[in-house]
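Enquirer: My structure is stored as start.txt, with compact mmCIF, C-alpha atoms.
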# COMPACT_ATOMS: atom_id res chain seq x y z
CA MET U 1112 62.81 108.18 69.83
CA LEU U 1113 64.35 104.78 69.01
CA SER U 1114 66.27 106.30 66.10
CA TRP U 1115 67.66 109.03 68.39
CA TYR U 1116 68.69 106.40 70.96
CA LYS U 1117 70.52 104.31 68.36
CA ASN U 1118 72.24 107.38 66.92
CA SER U 1119 73.34 108.58 70.36
CA ILE U 1120 74.73 105.16 71.22
CA PHE U 1121 76.55 105.01 67.88
CA LEU U 1122 78.00 108.49 68.38
CA GLY U 1123 79.00 107.75 71.97
CA GLY U 1124 80.54 104.43 70.97
CA THR U 1125 82.49 106.13 68.18
CA ILE U 1126 83.80 108.76 70.59
CA PHE U 1127 84.70 106.03 73.07
CA PHE U 1128 86.58 104.09 70.40
CA ILE U 1129 88.48 107.15 69.16
CA GLY U 1130 89.26 108.21 72.72
CA GLY U 1131 90.39 104.69 73.51
CA ILE U 1132 92.71 104.68 70.51
CA ILE U 1133 94.22 107.99 71.63
CA ALA U 1134 94.60 106.69 75.19
CA ASN U 1135 96.24 103.48 73.97
CA ILE U 1136 98.59 105.42 71.69
CA LEU U 1137 99.58 107.50 74.70
CA ASN U 1138 100.04 104.33 76.76
CA TYR U 1139 102.30 102.98 74.03
CA LEU U 1140 104.20 106.24 74.01
CA TYR U 1141 104.62 105.85 77.77
CA ARG U 1142 106.19 102.42 77.34
CA ILE U 1143 108.27 103.48 74.36
CA LEU U 1144 109.65 106.52 76.17
CA MET U 1145 110.41 104.40 79.22
CA GLY U 1146 112.15 101.86 76.97
CA ARG U 1147 114.37 104.55 75.49
CA MET U 1148 115.03 106.34 78.78
CA LEU U 1149 115.65 103.28 80.97
CA GLY U 1150 117.50 100.92 78.59
CA PRO U 1151 116.82 97.20 77.98
CA GLU U 1152 117.67 95.90 81.47
CA LEU U 1153 115.59 98.38 83.48
CA PHE U 1154 112.85 98.40 80.84
CA GLY U 1155 112.55 94.62 81.07
CA GLU U 1156 112.17 94.95 84.85
CA LEU U 1157 109.54 97.68 84.40
CA ILE U 1158 107.49 95.60 81.94
CA ALA U 1159 107.62 92.62 84.30
CA MET U 1160 106.42 94.90 87.11
CA LEU U 1161 103.63 96.32 84.95
CA SER U 1162 102.54 92.77 84.12
CA LEU U 1163 102.51 92.10 87.85
CA VAL U 1164 100.48 95.28 88.36
CA PHE U 1165 97.87 94.07 85.86
CA ILE U 1166 97.60 90.76 87.68
CA LEU U 1167 97.42 92.46 91.10
CA THR U 1168 94.72 94.84 89.85
CA VAL U 1169 92.47 91.98 88.77
CA PRO U 1170 90.17 92.71 91.78
CA SER U 1171 89.34 96.13 90.27
CA ALA U 1172 88.07 94.62 87.02
CA PRO U 1173 85.13 92.60 88.44
CA VAL U 1174 84.09 95.61 90.53
CA SER U 1175 84.05 97.78 87.41
CA VAL U 1176 82.26 95.24 85.24
CA ALA U 1177 79.68 94.55 87.98
CA ALA U 1178 79.02 98.28 88.30
CA ALA U 1179 78.67 98.48 84.50
CA ARG U 1180 76.32 95.53 84.15
CA PHE U 1181 73.99 96.35 87.04
CA SER U 1182 73.80 100.04 86.17
CA ALA U 1183 72.94 99.05 82.56
CA VAL U 1184 70.28 96.61 83.81
CA PHE U 1185 68.80 99.17 86.24
CA GLN U 1186 68.71 101.79 83.49
CA ALA U 1187 66.99 99.36 81.10
CA ARG U 1188 64.36 98.73 83.78
CA CYS U 1189 63.99 102.51 84.39
CA LEU U 1190 65.25 102.14 87.98
CA THR U 1191 67.44 105.26 88.14
CA LEU U 1192 67.41 105.41 91.94
CA ARG U 1193 68.93 101.93 92.07
CA VAL U 1194 71.97 103.23 90.18
CA LYS U 1195 72.51 105.82 92.93
CA HIS U 1196 72.21 103.14 95.58
CA LEU U 1197 74.61 100.91 93.65
CA PHE U 1198 77.27 103.64 93.56
CA GLY U 1199 76.92 104.41 97.27
CA TYR U 1200 77.02 100.78 98.35
CA LEU U 1201 80.03 99.76 96.26
CA THR U 1202 82.01 102.90 97.13
CA LYS U 1203 81.49 102.37 100.85
CA VAL U 1204 82.43 98.68 100.79
CA PHE U 1205 85.48 98.92 98.55
CA GLY U 1206 86.70 102.12 100.14
CA LEU U 1207 87.01 100.20 103.41
CA ILE U 1208 88.65 97.26 101.63
CA SER U 1209 91.22 99.59 100.02
CA LEU U 1210 92.02 101.19 103.38
CA PHE U 1211 92.50 97.75 104.94
CA LEU U 1212 94.78 96.76 102.05
CA MET U 1213 97.01 99.79 102.56
CA VAL U 1214 97.35 99.07 106.29
CA LEU U 1215 98.38 95.48 105.55
CA VAL U 1216 100.96 96.63 103.03
CA VAL U 1217 102.54 99.04 105.51
CA ILE U 1218 102.81 96.23 108.06
CA PHE U 1219 104.12 93.54 105.69
CA ALA U 1220 106.12 95.62 103.19
CA ALA U 1221 109.46 93.87 103.78
CA PRO U 1222 108.15 90.28 103.46
CA LEU U 1223 106.20 91.29 100.34
CA GLN U 1224 109.36 92.77 98.82
CA ASN U 1225 111.22 89.51 99.33
CA PHE U 1226 108.33 87.37 98.11
CA LEU U 1227 107.87 89.43 94.92
CA ASN U 1228 111.66 89.64 94.41
CA LEU U 1229 111.59 93.43 94.10
CA SER U 1230 114.80 95.44 94.30
CA SER U 1231 113.24 98.18 96.45
CA LYS U 1232 110.61 98.16 99.19
CA ILE U 1233 109.07 101.36 97.86
CA TYR U 1234 107.82 99.41 94.84
CA VAL U 1235 105.49 97.55 97.20
CA TYR U 1236 103.87 100.80 98.30
CA TYR U 1237 103.34 101.91 94.72
CA LEU U 1238 101.87 98.56 93.72
CA ALA U 1239 99.48 98.67 96.69
CA GLY U 1240 98.51 102.26 95.92
CA ILE U 1241 97.74 101.41 92.29
CA VAL U 1242 95.62 98.43 93.33
CA ALA U 1243 93.70 100.50 95.91
CA VAL U 1244 92.97 103.40 93.56
CA MET U 1245 92.00 101.15 90.65
CA LEU U 1246 89.66 99.23 92.96
CA ILE U 1247 87.73 102.37 93.94
CA ALA U 1248 87.98 104.10 90.55
CA GLY U 1249 86.60 101.00 88.84
CA ILE U 1250 83.20 101.70 90.43
CA SER U 1251 82.70 105.15 88.92
CA LYS U 1252 84.17 104.14 85.56
CA GLY U 1253 81.98 101.05 85.45
CA ILE U 1254 78.83 103.06 86.11
CA LEU U 1255 79.78 105.56 83.40
CA GLN U 1256 80.19 102.61 81.03
CA GLY U 1257 76.92 100.99 82.09
CA LEU U 1258 75.03 104.26 81.58
CA LYS U 1259 76.66 104.46 78.14
CA ARG U 1260 78.34 107.80 78.87
CA PHE U 1261 81.12 106.84 76.51
CA SER U 1262 82.37 110.36 75.73
CA GLN U 1263 83.01 111.17 79.39
CA LEU U 1264 84.68 107.82 79.98
CA SER U 1265 86.96 108.22 76.98
CA PHE U 1266 87.97 111.70 78.19
CA ILE U 1267 89.03 110.18 81.53
CA PHE U 1268 91.10 107.52 79.79
CA VAL U 1269 92.86 110.12 77.63
CA LEU U 1270 93.55 112.37 80.63
CA GLU U 1271 95.00 109.47 82.63
CA SER U 1272 97.22 108.35 79.77
CA ALA U 1273 98.48 111.86 79.02
CA GLY U 1274 99.14 112.53 82.69
CA ARG U 1275 100.96 109.21 83.02
CA ILE U 1276 103.37 110.14 80.24
CA GLY U 1277 104.03 113.67 81.42
CA LEU U 1278 104.57 112.78 85.06
CA ALA U 1279 106.64 109.66 84.33
CA VAL U 1280 108.95 111.43 81.88
CA ILE U 1281 109.56 114.29 84.31
CA LEU U 1282 110.20 111.95 87.23
CA VAL U 1283 112.54 109.69 85.24
CA ILE U 1284 114.48 112.72 83.99
CA LEU U 1285 114.81 113.80 87.62
CA GLY U 1286 116.47 110.44 88.32
CA PHE U 1287 113.64 108.42 89.90
CA LYS U 1288 113.76 105.74 87.15
CA ILE U 1289 111.26 102.93 87.85
CA VAL U 1290 109.83 104.79 90.84
CA GLY U 1291 109.11 107.68 88.48
CA ALA U 1292 107.37 105.41 85.99
CA LEU U 1293 105.18 103.90 88.72
CA GLY U 1294 104.58 107.29 90.33
CA GLY U 1295 103.26 108.73 87.07
CA PHE U 1296 100.95 105.73 86.80
CA LEU U 1297 99.53 106.22 90.31
CA ILE U 1298 99.05 110.00 90.25
CA SER U 1299 97.28 109.91 86.88
CA LEU U 1300 94.85 107.30 88.23
CA ILE U 1301 94.00 109.54 91.19
CA LEU U 1302 93.32 112.51 88.89
CA GLY U 1303 91.10 110.34 86.67
CA TYR U 1304 89.10 109.14 89.67
CA PHE U 1305 88.26 112.65 90.83
CA LEU U 1306 87.20 113.55 87.29
CA SER U 1307 84.88 110.52 87.17
CA LEU U 1308 83.23 111.68 90.41
CA TYR U 1309 82.59 115.05 88.80
CA PHE U 1310 80.93 113.39 85.79
CA LEU U 1311 78.73 111.34 88.15
CA LYS U 1312 77.73 114.23 90.40
CA ASP U 1313 74.07 113.63 89.49
CA ILE U 1314 74.10 110.17 91.11
CA THR U 1315 76.67 110.51 93.90
CA SER U 1316 74.31 112.09 96.41
CA SER U 1317 72.85 108.80 97.62
CA GLN U 1318 74.65 106.41 99.94
CA ASP U 1319 71.79 103.98 100.56
CA VAL U 1320 72.15 100.20 100.48
CA ILE U 1321 70.48 97.96 97.90
CA SER U 1322 70.01 94.99 100.20
CA ASP U 1323 67.83 92.98 97.81
CA SER U 1324 70.56 92.97 95.14
CA GLN U 1325 73.64 92.49 97.31
CA LYS U 1326 73.83 88.72 96.93
CA GLU U 1327 73.49 88.88 93.15
CA ILE U 1328 76.12 91.63 92.91
CA TRP U 1329 78.65 89.73 95.03
CA GLN U 1330 78.09 86.49 93.12
CA TYR U 1331 78.63 88.34 89.87
CA MET U 1332 81.82 89.98 91.15
CA LEU U 1333 83.17 86.61 92.29
CA TRP U 1334 82.72 85.02 88.86
CA SER U 1335 84.02 88.18 87.16
CA PHE U 1336 87.08 88.14 89.41
CA LEU U 1337 87.90 84.62 88.25
CA ALA U 1338 87.37 85.64 84.63
CA PHE U 1339 89.71 88.64 84.82
CA LEU U 1340 92.28 86.69 86.81
CA LEU U 1341 92.43 84.04 84.10
CA LEU U 1342 92.42 86.63 81.30
CA ASN U 1343 95.32 88.50 82.89
CA ILE U 1344 97.27 85.29 83.39
CA LEU U 1345 96.64 84.32 79.78
CA LEU U 1346 97.82 87.73 78.55
CA ASN U 1347 100.80 88.32 80.85
CA ALA U 1348 102.21 84.92 81.84
CA ASP U 1349 104.51 84.75 78.81
CA LYS U 1350 106.22 88.05 79.74
CA ILE U 1351 106.70 87.05 83.36
CA LEU U 1352 108.08 83.63 82.40
CA VAL U 1353 110.46 85.20 79.86
CA LYS U 1354 111.68 87.58 82.56
CA HIS U 1355 112.29 84.51 84.75
CA TYR U 1356 114.03 82.26 82.21
CA PHE U 1357 115.89 84.72 79.96
CA PRO U 1358 118.76 87.15 80.64
CA ALA U 1359 117.82 90.78 81.32
CA LEU U 1360 118.86 92.01 77.86
CA GLU U 1361 116.80 89.36 76.03
CA ALA U 1362 113.83 89.96 78.33
CA GLY U 1363 114.01 93.64 77.39
CA VAL U 1364 113.98 92.77 73.67
CA PHE U 1365 110.97 90.50 74.24
CA ALA U 1366 109.23 93.32 76.13
CA ALA U 1367 109.79 95.67 73.17
CA PHE U 1368 108.20 93.61 70.38
CA THR U 1369 105.40 92.36 72.64
CA THR U 1370 104.60 95.97 73.54
CA LEU U 1371 104.18 96.81 69.84
CA GLY U 1372 102.24 93.62 69.11
CA GLN U 1373 99.74 94.35 71.86
CA ALA U 1374 98.32 97.22 69.80
CA VAL U 1375 96.06 94.67 68.07
CA PHE U 1376 94.70 93.39 71.38
CA LEU U 1377 94.05 96.88 72.71
CA GLY U 1378 92.07 97.82 69.62
CA ILE U 1379 89.73 94.84 69.98
CA SER U 1380 89.38 95.38 73.75
CA LEU U 1381 87.87 98.82 73.05
CA PHE U 1382 85.05 97.16 71.12
CA ALA U 1383 84.44 94.86 74.09
CA GLY U 1384 83.89 97.89 76.31
CA ILE U 1385 81.39 99.36 73.85
CA ILE U 1386 79.20 96.28 73.36
CA PHE U 1387 79.14 95.28 77.05
CA PRO U 1388 76.34 97.64 78.21
CA ILE U 1389 74.51 97.21 74.89
CA VAL U 1390 74.43 93.40 75.25
CA ALA U 1391 73.28 93.65 78.89
CA HIS U 1392 70.58 96.17 77.92
CA ASN U 1393 69.31 94.06 75.01
CA GLN U 1394 69.21 90.93 77.16
CA VAL U 1395 66.88 92.68 79.63
CA LYS U 1396 64.71 93.98 76.77
CA LYS U 1397 64.74 90.50 75.14
CA LYS U 1398 66.27 91.92 71.96
CA ASP U 1399 68.93 90.41 69.69
CA TYR U 1400 72.19 90.68 71.64
CA PHE U 1401 74.25 88.93 68.94
CA HIS U 1402 73.98 91.70 66.36
CA SER U 1403 76.55 93.98 67.99
CA LEU U 1404 78.92 91.02 68.52
CA LYS U 1405 78.75 90.15 64.81
CA ILE U 1406 79.56 93.71 63.74
CA VAL U 1407 82.42 94.08 66.21
CA SER U 1408 83.88 90.66 65.36
CA SER U 1409 83.92 91.48 61.65
CA ILE U 1410 85.66 94.82 62.22
CA SER U 1411 88.13 93.19 64.63
CA LEU U 1412 89.02 90.48 62.11
CA LEU U 1413 89.73 93.14 59.51
CA MET U 1414 91.82 95.05 62.04
CA VAL U 1415 93.95 91.99 62.83
CA GLY U 1416 94.59 91.34 59.15
CA LEU U 1417 95.62 94.92 58.38
CA ALA U 1418 97.85 95.21 61.46
CA SER U 1419 99.59 91.93 60.66
CA LEU U 1420 100.29 93.07 57.10
CA VAL U 1421 101.76 96.34 58.35
CA PHE U 1422 103.98 94.55 60.87
CA PHE U 1423 105.00 91.98 58.25
CA PHE U 1424 106.38 94.61 55.88
CA PHE U 1425 107.58 97.23 58.38
CA SER U 1426 108.50 95.37 61.59
CA ARG U 1427 112.12 96.55 61.49
CA GLU U 1428 111.06 100.14 60.90
CA PHE U 1429 108.59 100.07 63.80
CA ILE U 1430 111.16 98.71 66.26
CA LEU U 1431 113.77 101.21 65.09
CA LEU U 1432 111.34 104.09 65.30
CA PHE U 1433 109.91 103.33 68.71
CA PHE U 1434 112.74 101.57 70.55
CA GLY U 1435 116.04 101.86 68.66
CA ASN U 1436 118.88 99.64 67.42
CA GLN U 1437 119.40 97.75 70.66
CA TYR U 1438 115.96 96.09 70.31
CA LEU U 1439 116.29 94.96 66.65
CA ALA U 1440 116.74 91.30 67.63
CA GLY U 1441 112.97 91.18 68.12
CA THR U 1442 112.19 92.13 64.50
CA PRO U 1443 111.39 88.59 63.19
CA PHE U 1444 108.86 87.96 65.97
CA LEU U 1445 106.71 91.10 65.76
CA VAL U 1446 104.30 89.90 63.07
CA TYR U 1447 103.74 86.56 64.84
CA TYR U 1448 103.06 88.28 68.13
CA SER U 1449 100.54 90.63 66.50
CA LEU U 1450 98.57 87.57 65.34
CA ILE U 1451 98.76 86.13 68.85
CA MET U 1452 97.41 89.38 70.27
CA GLY U 1453 94.58 89.23 67.75
CA ALA U 1454 93.59 85.84 69.16
CA CYS U 1455 93.83 87.26 72.69
CA GLY U 1456 91.60 90.14 71.61
CA PHE U 1457 88.86 87.79 70.41
CA ILE U 1458 89.09 85.77 73.62
CA PHE U 1459 88.70 89.00 75.60
CA LEU U 1460 85.77 90.10 73.41
CA PHE U 1461 83.94 86.79 73.82
CA SER U 1462 84.59 86.84 77.58
CA TYR U 1463 83.03 90.30 77.86
CA PHE U 1464 80.05 89.11 75.83
CA PHE U 1465 79.38 86.25 78.24
CA MET U 1466 79.94 88.46 81.30
CA ALA U 1467 77.38 90.94 79.94
CA LEU U 1468 74.92 88.03 79.80
CA ASN U 1469 75.87 86.93 83.35
CA LYS U 1470 76.92 83.50 82.01
CA PHE U 1471 80.26 82.14 83.17
CA GLN U 1472 80.63 78.65 81.70
CA PHE U 1473 83.54 80.04 79.64
CA LEU U 1474 85.67 80.07 82.81
CA TYR U 1475 86.46 76.39 82.32
CA ILE U 1476 87.90 77.17 78.88
CA LEU U 1477 89.93 80.11 80.19
CA ALA U 1478 91.30 78.04 83.07
CA GLY U 1479 92.38 75.29 80.69
CA GLY U 1480 94.06 77.76 78.35
CA SER U 1481 95.90 79.58 81.15
CA ILE U 1482 97.19 76.37 82.72
CA LEU U 1483 98.21 75.04 79.31
CA GLU U 1484 100.15 78.23 78.52
CA ILE U 1485 102.12 78.12 81.78
CA LEU U 1486 102.89 74.41 81.47
CA LEU U 1487 103.98 74.59 77.84
CA ILE U 1488 106.24 77.63 78.28
CA THR U 1489 107.70 76.18 81.48
CA ILE U 1490 108.67 73.02 79.59
CA TRP U 1491 109.70 74.60 76.26
CA HIS U 1492 111.38 77.99 76.56
CA GLY U 1493 114.67 77.56 74.73
CA SER U 1494 114.06 80.52 72.41
CA PHE U 1495 111.59 83.28 71.65
CA PHE U 1496 110.19 81.11 68.86
CA GLN U 1497 109.46 78.29 71.30
CA VAL U 1498 107.77 80.65 73.76
CA ILE U 1499 105.61 82.15 71.01
CA SER U 1500 104.72 78.69 69.65
CA MET U 1501 103.66 77.42 73.07
CA PHE U 1502 101.62 80.57 73.69
CA SER U 1503 99.95 80.10 70.30
CA ALA U 1504 98.98 76.50 71.10
CA ALA U 1505 97.30 77.57 74.35
CA LEU U 1506 95.42 80.38 72.58
CA ILE U 1507 94.18 78.11 69.78
CA PHE U 1508 92.73 75.74 72.38
CA THR U 1509 91.06 78.65 74.21
CA LEU U 1510 89.70 80.33 71.08
CA PHE U 1511 88.13 77.16 69.72
CA GLY U 1512 86.53 76.45 73.09
CA MET U 1513 85.09 79.97 73.31
CA GLY U 1514 83.81 79.75 69.74
CA PHE U 1515 81.97 76.53 70.57
CA LEU U 1516 80.27 78.22 73.54
CA ILE U 1517 79.24 81.13 71.32
CA LEU U 1518 77.53 78.70 68.93
CA LEU U 1519 75.67 77.03 71.81
CA GLU U 1520 74.50 80.40 73.13
CA LYS U 1521 73.34 81.39 69.65
CA ARG U 1522 71.16 78.27 69.43
CA LYS U 1523 69.64 79.00 72.86
CA PHE U 1524 68.81 82.55 71.80
CA GLN U 1525 67.22 81.37 68.55
CA ARG U 1526 65.01 78.90 70.44
CA LEU U 1527 63.96 81.68 72.85
CA ALA U 1528 63.23 84.04 69.96
CA ASN U 1529 61.01 81.42 68.31
CA VAL U 1530 59.05 80.97 71.56
CA LEU U 1531 58.54 84.74 71.97
CA ARG U 1532 57.16 84.97 68.44
With the file now loaded, output its structure as structure tokens.
Expert:
Amino acid sequence: MLSWYKNSIFLGGTIFFIGGIIANILNYLYRILMGRMLGPELFGELIAMLSLVFILTVPSAPVSVAAARFSAVFQARCLTLRVKHLFGYLTKVFGLISLFLMVLVVIFAAPLQNFLNLSSKIYVYYLAGIVAVMLIAGISKGILQGLKRFSQLSFIFVLESAGRIGLAVILVILGFKIVGALGGFLISLILGYFLSLYFLKDITSSQDVISDSQKEIWQYMLWSFLAFLLLNILLNADKILVKHYFPALEAGVFAAFTTLGQAVFLGISLFAGIIFPIVAHNQVKKKDYFHSLKIVSSISLLMVGLASLVFFFFSREFILLFFGNQYLAGTPFLVYYSLIMGACGFIFLFSYFFMALNKFQFLYILAGGSILEILLITIWHGSFFQVISMFSAALIFTLFGMGFLILLEKRKFQRLANVLR
């Protein structure tokens, strides 16, 4: 029985990883096609808006990770009914929150447009729609992850990414430009949400409330919200600051090579999604929850090295292939940014590890790194090299801090293991 369980988890994790790679390739294709179809100026604006979207959708991440962790814990304790109650409770609460958000956006659309410095008020509606859908969809996706239904979850990711490309390309060709790119994003999310409900039809029949776990769930979501907020700032602040300080053409070039470099980060982030429910499950069962982290870290380190070598020798070819001649000024920076994204990937992986354990001391490290990044780039932003150097300094600080916390947690686990023996 144990052998079957391990094999099924390995197979599901492999499918999830492969599906995630396909989805990320499609997401890259989405950005690449938009870069070619919109040109440097509009593409730079789109990337800045997408970075803003990722920051605005931070509230969906803690909802998803809370759903994943508590469903994994309930499953480990053989409390299947609690998973049904969890789904019903979170859907009811965040459905109302999303509705309230949309009403506020309709009322305050014009002031929000001015505050966010958007060229069209309709962008506000799309941003709000994306936030609302991701908030609700994060519940069903999180439960699928927590129950380790990796194959179904990866299918949703691939469908969303493929739909995003198809819809965005059609809408941009029809002349909708950035509205088309955002519209493809939103519609694909809605389709993915309905598919996730279909995959969870065996647990969506209950709408009861889990009153004895509400306080713990909300506390967890609060700390997770802070974690994802800081992670998104750490990952996206450089792009937003470049859009602010650099001309539109240069910001578009920066967006191009950073888009390619992020492939390394996205690869490592897939591993974080796989080990999250496994770590939470093993913690409940008092098993070794470091083993999966060791394996994933080793594979991730190898991935960073290989990707950096490829970008070192073929950076010009990659930029020419995916973006064209007008983005070639970013060629010298691609290999450096791939290394930076590798560091970001490990920070993300370690953050997920601690969130799976329901331990949030790492937030102090993330806060320090995020603040340091913003301050350094704000002071020194005379060139792309300066921006990348300042970003690197902030990441080195953050990575060393996270590594120290990992060592402390390892010692605690070893002491506990000795007591249990």
Enquirer: Using only C-alpha atoms, which residue out of U:Leu1468, U:Ile1476, U:Ile1267, U:Ala1273 lies closest to Leu1516 (chain U)?
Expert: U:Ile1476
Enquirer: As an MDAnalysis selection string, please: the residues near Asp1349 (chain U) (cut-off 8 Å, all atoms listed in the file, same-chain neighbours under 3 positions excluded).
Expert: chainID U and resid 1345:1346 1352:1353 1484:1485 1488 1498 1502
Enquirer: Measuring atom to atom with only C-alpha atoms, identify which of U:Phe1310, U:Trp1329, U:Phe1368, U:Phe1305 is nearest to Leu1258 (chain U).
Expert: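 Residue with the minimum atom-to-atom distance to Leu1258 (chain U): U:Phe1310.
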Enquirer: I need every residue sitting at most 9 Å from the point (110.9, 98.4, 67.7) (coordinates as in the file, all atoms listed in the file considered), written as an NGL selection string.
Expert: :U and (1143 or 1364 or 1367-1368 or 1370-1371 or 1426-1436 or 1438-1439 or 1441-1442 or 1445)
Enquirer: Excluding Met1501 (chain U) and its own-chain neighbours fewer than 4 positions away, which residues fall within 9 Å of it when counting only C-alpha atoms? Please give them as an NGL selection string.
Expert: :U and (1483-1488 or 1491-1492 or 1496-1497 or 1505-1506)
